[in-house]
Amino acid sequence: MLTYIARRLMQSLAVLAIMSLLVFAGVYTIGNPIDILVNPQSDQSEIARATAALGLDRPLAEQYFVFLARAATGDLGNSFAFNVPAMGLILERMPATLELASAAMLIALALGIPLGLWAGIAPRSVAGRVITAGSILGFSLPTFWVGLMLIMVFSVWLGWLPTSGRGPTTSIAGIPVSFLSIEGLRHLVLPAANLALFNLSLITRLARSGAREAMQQDYVRFARAKGLSEGRVVGVHVLKNVLVPVVTVAGVEFGSVIAFAVVTESIFAWPGMGKLLIDSINVLDRPVIVGYLCIVVALFVAINLAVDLLASWLDPRVRLGAER
Amino acid sequence: MKVFRALLAGTLLCLSCAHGAELRIGLAADVTSMDPHFLNLAPNVNIGWHVFDALTHVDEDARLIPGLAVSWRAVDATTWEFKLRRGVRFHDGMELTAEDVAFSIERTLQVPNGQFRVFTRRIVAKESPDSYSLRLKTAAPYAMLPYDLNSVFIVSKRAAAGARPEDFDSGKAMIGTGPFRFLRFSRGDRVELARNEKYWGGASPWDQVAFRIVPTDPARLAGLLSGDLDLIEQVPTADLSRIRRDSRLESAQKVSWRTIFFHLDQRRERSPFRDLRVRRALSKAIDRQAIAERLMDGAAIPASNLVSPPVFGYAPDLKPEAYDPEGAKRLLAEAGYPDGFAMTLSAPNNRYVNDEQIAQAAAQMLARVGIRARVEALPINVYLSKGAAGQFAFAMLGWGSFSGDLALRALVATPDPSRGFGAFNWSGYSNPKVDALLEQAFATVGEQRREEIAREAMRAAMRDYAVIPLHHQVTTWAMRKPLAYAPRTDEFTFAHHVRAR
């Protein structure tokens, strides 16, 4: 087991190194950040000075090795646009994204599982059909459009919720969060709902097909024959079996929710790290782009490792790749 | 369930919403740093103008007016003397003296990767005869110093000595003399300010101001419509008619200092643009009026100059080129291109108002005189580097400048790093007459004389079609009634200029 984890971590380091090289070369090919950030009143000598000050006049290979040497000590360099360490900048924006992603996952699970069960148990009822059709809609509507519609309906027409921004935050152990104040929750609802939509549909459909399958199984018939109430049959025996795929998918999807948050964050002006990434790409702020992708890769590696370990623990038939 | 409860709570809460004298402004672009001497980016500078002042200010028409300096004069050819306003106090109660000004100038040169040294590096010596006067010496005669110092915010020496950018972001060093005190900066989200009761220019009517960063256009407009925001900047042209129809809203417009034009490549030996007749033909082939009226919904003014009408050095006698496709065809035939030619028309797709659509429209207009233009629209981060490398044949660029001679120096002067000429002259255009006039303008200290020379240089460049000017953008602000805003040519959104009617 330990060798397995060690090997996985070594592989992750290799992935990180390759990824950083690709991003480095990619940003280098796109253009020179100085051309975008430059003060328009500058002349050639000033532009050359600014380029040299950031080390951008050196050959790509040299820039990359300087970066690697610094990165080994945990320093990803200063952001070109913010003039503060890139890593600190990303970590500062991370809680906002994690909170949004968690809220979205919570909404998706809390609504998706009951809706899916309902649709699975009564697939031919009106409610079952409406839920199934709704989940298809949820899959197909673009996040960007839904976000704007949510703002139009709930903020502009009904005037119930704020249009954008994060609102006031409360601090827990130094981490700012929104969900502890009513005003913060009001700001969180729309972006979280928007981000949840895709996963809500996905989980609804997973739960629906899981429930339909389980309802045909012998153990459900036995449970009924034993005289258990319908509530107990569905709420305990069916639900347990439905949950296995749902939990696995939800775990993996959590990573993509963090990545997909980019669109939602942009529409709702949510100060998360996805928005930071977009802003940084716009000005070719390389330290931030590389740092963000490193963190996301690390996050995915960690989630995947956790999911693999969990799966082998849940189901002893799953082997951790070592012995074949 | 959670959603529903929150919705319910939200409704109840809104019944007790009270605004007081708080102003909420929606900004269109991200503020990256509070450090006033780091990046010269419009959103950063916009916030800077609330907390700080400069020696010289500019009015709504981008003309120089007194700021922290009540007067300035050239003592001799290489010395400028500034007289400071007396009794101005920083937010911490300390009085402003020449020492703070000298410190601020020094600081612009020392901030790592700071971009404001461009405005101060010509100063070779500073001396203050008394604490309310400052003499600045330059190595050579330099007329632009009072303009340059408009970009240098004056910080408190006591608060900012040794301060890092983080100290400004946290507010520790954010001590200025401006109309608002700094409260907090939440990166990517908002900047909050409070009124400076003792502002030398008169206290603002607003107790508090919140600048919210909402870069998505529809979301910013939605914020205004729903009442989350009181005023927004950079209203998209497509929404103008909607705002004018809405009885709860008011809008304010002003010609911006940003001029949109085309660079025509002249570096390549075989470029048709080396022929004046071809440059003139292309200018005649573009229907500026149609672009301004239909594509820009009136939020543009056809251009004849490289700077917009209120700006120093604008030559009012130049008139926008009339749309004349027949004349264009004749000129092309004379120049040896009776069947036109094919070229690539390059433009950014996320920088200027409707940039890509304008490029498409221009290409169609050029097609009518036989020029087959293929539009290549690129994101600005890719675009600028390619332009700087001289890779474009016919390329759109936008430029904001508060003086005509500076714009000419950057865009059409013969590239010459030793003199700082032509840093953004993508086309390689060269005209010795323009260069000579510019040299003369920068060495002329009298304002009126200098403006005459700057105009002469503008005429020389425009009559030679150094670039093809398209239009001056018009900036739109929208606000909830009964607010009123005095719109500015420099596009800044100043809370202290927002009044309740």
# chains A, B, ... in the order shown; residues from 1 in each chain; ligands from 1
>>> residues_around(residues="stretch 75-92 of chain B", least_positions_apart="2", cutoff="6 Å", atoms="only C-alpha atoms", output="PDB file with C-alpha atoms, in the first residue's frame")
ATOM      1  CA  LEU B  68      -1.805  69.957  -4.965  1.00  0.00           C
ATOM      2  CA  ALA B  69       0.250  72.579  -6.748  1.00  0.00           C
ATOM      3  CA  VAL B  70      -1.543  75.928  -7.047  1.00  0.00           C
ATOM      4  CA  SER B  71       0.836  77.153  -9.717  1.00  0.00           C
ATOM      5  CA  TRP B  72       3.898  76.159 -11.689  1.00  0.00           C
ATOM      6  CA  ARG B  73       6.289  77.946 -13.975  1.00  0.00           C
ATOM      7  CA  MET B  94      -0.179  65.419   8.947  1.00  0.00           C
ATOM      8  CA  GLU B  95       0.322  68.441   6.730  1.00  0.00           C
ATOM      9  CA  LEU B  96       1.506  68.053   3.148  1.00  0.00           C
ATOM     10  CA  TYR B 132       5.718  74.828   0.039  1.00  0.00           C
ATOM     11  CA  SER B 133       7.872  75.081  -3.090  1.00  0.00           C
ATOM     12  CA  LEU B 134       9.683  72.513  -5.106  1.00  0.00           C
ATOM     13  CA  ARG B 135      12.134  73.016  -7.955  1.00  0.00           C
ATOM     14  CA  LEU B 136      12.628  70.137 -10.344  1.00  0.00           C
ATOM     15  CA  LYS B 137      15.520  70.111 -12.772  1.00  0.00           C
ATOM     16  CA  THR B 138      15.779  68.140 -15.976  1.00  0.00           C
ATOM     17  CA  ALA B 140      17.430  68.954 -21.183  1.00  0.00           C
ATOM     18  CA  PRO B 141      14.524  71.380 -21.690  1.00  0.00           C
ATOM     19  CA  ILE B 175      -2.635  57.558   3.358  1.00  0.00           C
ATOM     20  CA  GLY B 176      -3.268  60.305   0.846  1.00  0.00           C
ATOM     21  CA  THR B 177      -4.776  63.776   0.618  1.00  0.00           C
TER      22      THR B 177
END
>>> interface_residues(of="chain A", to="chain B", cutoff="6 Å", atoms="only C-alpha atoms", output="count of residues only")
16
>>> select_by_dssp(residues="stretch 31-199 of chain B", states="strand (DSSP E or B)", output="ChimeraX atom specification")
/B:54,56-58,64-66,69-76,79-84,89,95,123-127,133-138,153,180-186,190-195
>>> atom_distance(atom1="atom CA of B:Thr97", atom2="atom CA of B:Ile65")
19.7 Å
>>> select_by_dssp(residues="stretch 300-429 of chain B", states="helix (DSSP H, G or I)", output="ChimeraX atom specification")
/B:325-334,355-367,380-388,404-411
>>> write_last_selection(atoms="N, CA and C atoms", output="short mmCIF file (atom, residue, chain, number, x, y, z; two decimals), in the first residue's frame")
data_model
loop_
_atom_site.label_atom_id
_atom_site.label_comp_id
_atom_site.auth_asym_id
_atom_site.auth_seq_id
_atom_site.Cartn_x
_atom_site.Cartn_y
_atom_site.Cartn_z
N PRO B 325 -16.17 56.11 -52.37
CA PRO B 325 -15.63 54.89 -52.97
C PRO B 325 -15.16 55.09 -54.40
N GLU B 326 -15.84 56.01 -55.16
CA GLU B 326 -15.42 56.23 -56.54
C GLU B 326 -14.04 56.86 -56.58
N GLY B 327 -13.86 57.88 -55.73
CA GLY B 327 -12.56 58.54 -55.64
C GLY B 327 -11.48 57.56 -55.23
N ALA B 328 -11.83 56.63 -54.32
CA ALA B 328 -10.87 55.64 -53.86
C ALA B 328 -10.44 54.75 -55.01
N LYS B 329 -11.42 54.33 -55.83
CA LYS B 329 -11.10 53.46 -56.96
C LYS B 329 -10.16 54.17 -57.94
N ARG B 330 -10.48 55.45 -58.19
CA ARG B 330 -9.64 56.24 -59.11
C ARG B 330 -8.21 56.31 -58.59
N LEU B 331 -8.07 56.61 -57.30
CA LEU B 331 -6.73 56.72 -56.72
C LEU B 331 -5.97 55.40 -56.82
N LEU B 332 -6.69 54.29 -56.56
CA LEU B 332 -6.04 52.98 -56.63
C LEU B 332 -5.56 52.71 -58.06
N ALA B 333 -6.41 53.08 -59.04
CA ALA B 333 -6.05 52.86 -60.44
C ALA B 333 -4.81 53.68 -60.80
N GLU B 334 -4.80 54.94 -60.34
CA GLU B 334 -3.64 55.81 -60.59
C GLU B 334 -2.38 55.20 -60.00
N ASP B 355 -14.81 46.03 -31.40
CA ASP B 355 -13.63 46.02 -32.27
C ASP B 355 -13.72 45.06 -33.46
N GLU B 356 -14.17 43.82 -33.19
CA GLU B 356 -14.19 42.86 -34.29
C GLU B 356 -15.25 43.22 -35.34
N GLN B 357 -16.41 43.69 -34.86
CA GLN B 357 -17.47 44.08 -35.81
C GLN B 357 -17.00 45.23 -36.69
N ILE B 358 -16.27 46.17 -36.09
CA ILE B 358 -15.77 47.30 -36.87
C ILE B 358 -14.83 46.79 -37.96
N ALA B 359 -13.98 45.83 -37.59
CA ALA B 359 -13.04 45.28 -38.57
C ALA B 359 -13.79 44.62 -39.72
N GLN B 360 -14.85 43.86 -39.37
CA GLN B 360 -15.66 43.21 -40.42
C GLN B 360 -16.30 44.24 -41.33
N ALA B 361 -16.85 45.30 -40.74
CA ALA B 361 -17.50 46.34 -41.54
C ALA B 361 -16.49 47.02 -42.45
N ALA B 362 -15.31 47.33 -41.89
CA ALA B 362 -14.28 48.00 -42.70
C ALA B 362 -13.87 47.11 -43.87
N ALA B 363 -13.76 45.80 -43.60
CA ALA B 363 -13.36 44.88 -44.67
C ALA B 363 -14.39 44.88 -45.79
N GLN B 364 -15.69 44.91 -45.42
CA GLN B 364 -16.73 44.94 -46.45
C GLN B 364 -16.67 46.22 -47.26
N MET B 365 -16.41 47.35 -46.57
CA MET B 365 -16.32 48.62 -47.28
C MET B 365 -15.13 48.61 -48.23
N LEU B 366 -14.02 48.03 -47.79
CA LEU B 366 -12.83 47.97 -48.65
C LEU B 366 -13.09 47.08 -49.86
N ALA B 367 -13.93 46.04 -49.66
CA ALA B 367 -14.23 45.13 -50.77
C ALA B 367 -14.92 45.89 -51.91
N ILE B 380 -6.52 40.28 -27.29
CA ILE B 380 -5.55 41.36 -27.15
C ILE B 380 -4.18 40.87 -26.66
N ASN B 381 -4.16 39.82 -25.82
CA ASN B 381 -2.86 39.38 -25.30
C ASN B 381 -1.97 38.80 -26.40
N VAL B 382 -2.59 38.20 -27.42
CA VAL B 382 -1.83 37.71 -28.56
C VAL B 382 -1.54 38.86 -29.52
N TYR B 383 -2.55 39.71 -29.67
CA TYR B 383 -2.53 40.77 -30.68
C TYR B 383 -1.39 41.76 -30.49
N LEU B 384 -1.25 42.25 -29.26
CA LEU B 384 -0.28 43.33 -29.03
C LEU B 384 1.15 42.89 -29.31
N SER B 385 1.48 41.65 -28.93
CA SER B 385 2.85 41.19 -29.15
C SER B 385 3.14 41.07 -30.64
N LYS B 386 2.13 40.58 -31.41
CA LYS B 386 2.33 40.47 -32.85
C LYS B 386 2.48 41.84 -33.48
N GLY B 387 1.69 42.79 -33.01
CA GLY B 387 1.76 44.14 -33.54
C GLY B 387 3.12 44.76 -33.26
N ALA B 388 3.59 44.59 -32.02
CA ALA B 388 4.88 45.17 -31.64
C ALA B 388 6.00 44.56 -32.48
N GLY B 404 -1.55 65.74 -28.07
CA GLY B 404 -1.36 65.30 -29.45
C GLY B 404 0.08 64.97 -29.78
N ASP B 405 1.02 65.77 -29.25
CA ASP B 405 2.42 65.51 -29.59
C ASP B 405 2.90 64.18 -28.99
N LEU B 406 2.38 63.85 -27.78
CA LEU B 406 2.77 62.56 -27.18
C LEU B 406 2.24 61.40 -28.02
N ALA B 407 0.99 61.52 -28.47
CA ALA B 407 0.41 60.46 -29.29
C ALA B 407 1.20 60.28 -30.58
N LEU B 408 1.56 61.40 -31.21
CA LEU B 408 2.33 61.33 -32.45
C LEU B 408 3.70 60.70 -32.20
N ARG B 409 4.32 61.09 -31.06
CA ARG B 409 5.64 60.56 -30.77
C ARG B 409 5.59 59.03 -30.65
N ALA B 410 4.56 58.51 -29.98
CA ALA B 410 4.50 57.07 -29.78
C ALA B 410 4.11 56.33 -31.06
N LEU B 411 3.22 56.92 -31.88
CA LEU B 411 2.57 56.16 -32.94
C LEU B 411 3.11 56.37 -34.35
#
>>> residues_around(residues="A:Leu22", least_positions_apart="4", cutoff="12 Å", atoms="only C-alpha atoms", output="PyMOL selection string")
chain A and resi 15-18+26-29+60+64+286+289-290+293-294
>>> write_last_selection(atoms="N, CA and C atoms", output="mmCIF file, in the first residue's frame")
data_model
loop_
_atom_site.group_PDB
_atom_site.id
_atom_site.type_symbol
_atom_site.label_atom_id
_atom_site.label_comp_id
_atom_site.auth_asym_id
_atom_site.auth_seq_id
_atom_site.Cartn_x
_atom_site.Cartn_y
_atom_site.Cartn_z
ATOM 1 N N VAL A 15 3.959 14.567 -13.578
ATOM 2 C CA VAL A 15 2.866 15.271 -14.257
ATOM 3 C C VAL A 15 2.995 16.771 -14.053
ATOM 4 N N LEU A 16 3.293 17.159 -12.819
ATOM 5 C CA LEU A 16 3.433 18.590 -12.517
ATOM 6 C C LEU A 16 4.541 19.223 -13.355
ATOM 7 N N ALA A 17 5.684 18.518 -13.441
ATOM 8 C CA ALA A 17 6.823 19.063 -14.176
ATOM 9 C C ALA A 17 6.472 19.228 -15.655
ATOM 10 N N ILE A 18 5.846 18.198 -16.243
ATOM 11 C CA ILE A 18 5.492 18.268 -17.665
ATOM 12 C C ILE A 18 4.480 19.387 -17.895
ATOM 13 N N GLY A 26 3.743 27.486 -23.597
ATOM 14 C CA GLY A 26 2.515 27.986 -24.213
ATOM 15 C C GLY A 26 2.369 29.484 -24.023
ATOM 16 N N VAL A 27 2.528 29.933 -22.783
ATOM 17 C CA VAL A 27 2.377 31.363 -22.499
ATOM 18 C C VAL A 27 3.451 32.152 -23.229
ATOM 19 N N TYR A 28 4.651 31.568 -23.317
ATOM 20 C CA TYR A 28 5.760 32.227 -24.003
ATOM 21 C C TYR A 28 5.431 32.443 -25.477
ATOM 22 N N THR A 29 4.779 31.426 -26.083
ATOM 23 C CA THR A 29 4.437 31.526 -27.501
ATOM 24 C C THR A 29 3.350 32.557 -27.747
ATOM 25 N N LEU A 60 14.013 31.079 -23.412
ATOM 26 C CA LEU A 60 12.944 30.351 -22.730
ATOM 27 C C LEU A 60 13.498 29.310 -21.764
ATOM 28 N N TYR A 64 12.899 29.005 -17.766
ATOM 29 C CA TYR A 64 12.242 27.848 -17.171
ATOM 30 C C TYR A 64 13.075 27.267 -16.033
ATOM 31 N N ARG A 286 2.142 35.014 -16.197
ATOM 32 C CA ARG A 286 2.612 33.631 -16.180
ATOM 33 C C ARG A 286 2.746 33.011 -14.792
ATOM 34 N N ILE A 289 -0.677 31.892 -13.746
ATOM 35 C CA ILE A 289 -1.238 30.821 -14.577
ATOM 36 C C ILE A 289 -0.583 29.485 -14.194
ATOM 37 N N VAL A 290 0.748 29.490 -14.135
ATOM 38 C CA VAL A 290 1.458 28.254 -13.806
ATOM 39 C C VAL A 290 1.080 27.798 -12.398
ATOM 40 N N LEU A 293 -2.474 26.300 -12.262
ATOM 41 C CA LEU A 293 -2.576 24.967 -12.857
ATOM 42 C C LEU A 293 -1.869 23.934 -11.982
ATOM 43 N N CYS A 294 -0.748 24.311 -11.367
ATOM 44 C CA CYS A 294 -0.073 23.382 -10.449
ATOM 45 C C CYS A 294 -1.020 22.982 -9.322
#
>>> residues_around(residues="A:Arg208", least_positions_apart="4", cutoff="6 Å", atoms="only C-alpha atoms", output="list in words")
Gly116, Leu117, Ala119, Gly120 and Thr204 of chain A
>>> write_last_selection(atoms="N, CA and C atoms", output="PDB file, in the first residue's frame")
ATOM      1  N   GLY A 116     -34.052  11.951  -8.076  1.00  0.00           N
ATOM      2  CA  GLY A 116     -33.720  10.774  -8.868  1.00  0.00           C
ATOM      3  C   GLY A 116     -34.461   9.543  -8.354  1.00  0.00           C
ATOM      4  N   LEU A 117     -34.518   9.389  -7.034  1.00  0.00           N
ATOM      5  CA  LEU A 117     -35.243   8.250  -6.455  1.00  0.00           C
ATOM      6  C   LEU A 117     -36.706   8.285  -6.876  1.00  0.00           C
ATOM      7  N   ALA A 119     -38.076   9.770  -9.437  1.00  0.00           N
ATOM      8  CA  ALA A 119     -38.239   9.480 -10.856  1.00  0.00           C
ATOM      9  C   ALA A 119     -37.984   7.995 -11.144  1.00  0.00           C
ATOM     10  N   GLY A 120     -37.097   7.379 -10.354  1.00  0.00           N
ATOM     11  CA  GLY A 120     -36.777   5.977 -10.583  1.00  0.00           C
ATOM     12  C   GLY A 120     -37.871   5.042 -10.103  1.00  0.00           C
ATOM     13  N   THR A 204     -29.252  13.335 -10.544  1.00  0.00           N
ATOM     14  CA  THR A 204     -30.646  12.914 -10.684  1.00  0.00           C
ATOM     15  C   THR A 204     -30.731  11.690 -11.596  1.00  0.00           C
TER      16      THR A 204
END
>>> residues_around(residues="stretch 55-61 of chain B", least_positions_apart="6", cutoff="6 Å", atoms="only C-alpha atoms", output="list in words")
Gly67, Leu68, Ala69, Asn150, Pro310, Arg488 and Thr489 of chain B
>>> residues_around(residues="A:Ser140", least_positions_apart="4", cutoff="9 Å", atoms="only C-alpha atoms", output="number ranges by chain")
A: 135-136, 198
>>> write_last_selection(atoms="N, CA and C atoms", output="CSV table (one decimal), in the first residue's frame")
chain,number,residue,atom,x,y,z
A,135,SER,N,-34.0,17.1,-16.2
A,135,SER,CA,-32.6,16.7,-16.0
A,135,SER,C,-31.9,16.8,-17.4
A,136,ILE,N,-32.7,16.5,-18.5
A,136,ILE,CA,-32.1,16.6,-19.8
A,136,ILE,C,-31.8,18.1,-20.1
A,198,PHE,N,-25.6,21.5,-13.6
A,198,PHE,CA,-25.1,20.4,-14.4
A,198,PHE,C,-25.0,19.1,-13.5
>>> residues_around(residues="B:Val474", least_positions_apart="2", cutoff="8 Å", atoms="only C-alpha atoms", output="list in words")
Gln253, Lys254, Val255, Ser256, Ala299, Ala300, Ile301, His472 and Thr476 of chain B
>>> decode(residues="stretch 370-424 of chain B", atoms="C-alpha atoms", output="short mmCIF file (atom, residue, chain, number, x, y, z; two decimals), in the first residue's frame")
data_model
loop_
_atom_site.label_atom_id
_atom_site.label_comp_id
_atom_site.auth_asym_id
_atom_site.auth_seq_id
_atom_site.Cartn_x
_atom_site.Cartn_y
_atom_site.Cartn_z
CA GLY B 370 -11.67 46.11 -54.90
CA ILE B 371 -9.52 45.42 -51.85
CA ARG B 372 -10.03 41.87 -50.69
CA ALA B 373 -9.41 42.09 -46.94
CA ARG B 374 -9.45 38.96 -44.81
CA VAL B 375 -10.26 39.83 -41.19
CA GLU B 376 -8.05 38.26 -38.54
CA ALA B 377 -9.38 39.09 -35.06
CA LEU B 378 -7.24 38.04 -32.10
CA PRO B 379 -7.45 38.32 -28.32
CA ILE B 380 -5.55 41.36 -27.15
CA ASN B 381 -2.86 39.38 -25.30
CA VAL B 382 -1.83 37.71 -28.56
CA TYR B 383 -2.53 40.77 -30.68
CA LEU B 384 -0.28 43.33 -29.03
CA SER B 385 2.85 41.19 -29.15
CA LYS B 386 2.33 40.47 -32.85
CA GLY B 387 1.76 44.14 -33.54
CA ALA B 388 4.88 45.17 -31.64
CA ALA B 389 6.82 42.64 -33.74
CA GLY B 390 5.61 44.38 -36.92
CA GLN B 391 3.71 41.34 -38.18
CA PHE B 392 0.57 43.12 -39.36
CA ALA B 393 -0.25 44.65 -42.74
CA PHE B 394 -3.31 46.68 -41.81
CA ALA B 395 -3.98 46.75 -38.09
CA MET B 396 -6.47 48.38 -35.75
CA LEU B 397 -5.18 50.07 -32.62
CA GLY B 398 -6.75 52.35 -30.03
CA TRP B 399 -4.84 55.06 -28.23
CA GLY B 400 -5.64 57.41 -25.37
CA SER B 401 -3.40 60.39 -24.84
CA PHE B 402 -3.84 63.75 -23.22
CA SER B 403 -1.64 65.49 -25.69
CA GLY B 404 -1.36 65.30 -29.45
CA ASP B 405 2.42 65.51 -29.59
CA LEU B 406 2.77 62.56 -27.18
CA ALA B 407 0.41 60.46 -29.29
CA LEU B 408 2.33 61.33 -32.45
CA ARG B 409 5.64 60.56 -30.77
CA ALA B 410 4.50 57.07 -29.78
CA LEU B 411 2.57 56.16 -32.94
CA VAL B 412 3.95 57.83 -36.05
CA ALA B 413 7.39 59.24 -35.26
CA THR B 414 10.27 57.40 -36.95
CA PRO B 415 11.20 54.56 -34.58
CA ASP B 416 14.34 55.61 -32.72
CA PRO B 417 15.00 54.06 -29.32
CA SER B 418 17.64 56.65 -28.42
CA ARG B 419 15.06 59.45 -28.55
CA GLY B 420 12.13 57.34 -27.40
CA PHE B 421 10.34 57.97 -30.71
CA GLY B 422 7.91 55.58 -32.35
CA ALA B 423 7.66 53.00 -29.55
CA PHE B 424 4.26 51.90 -30.92
#
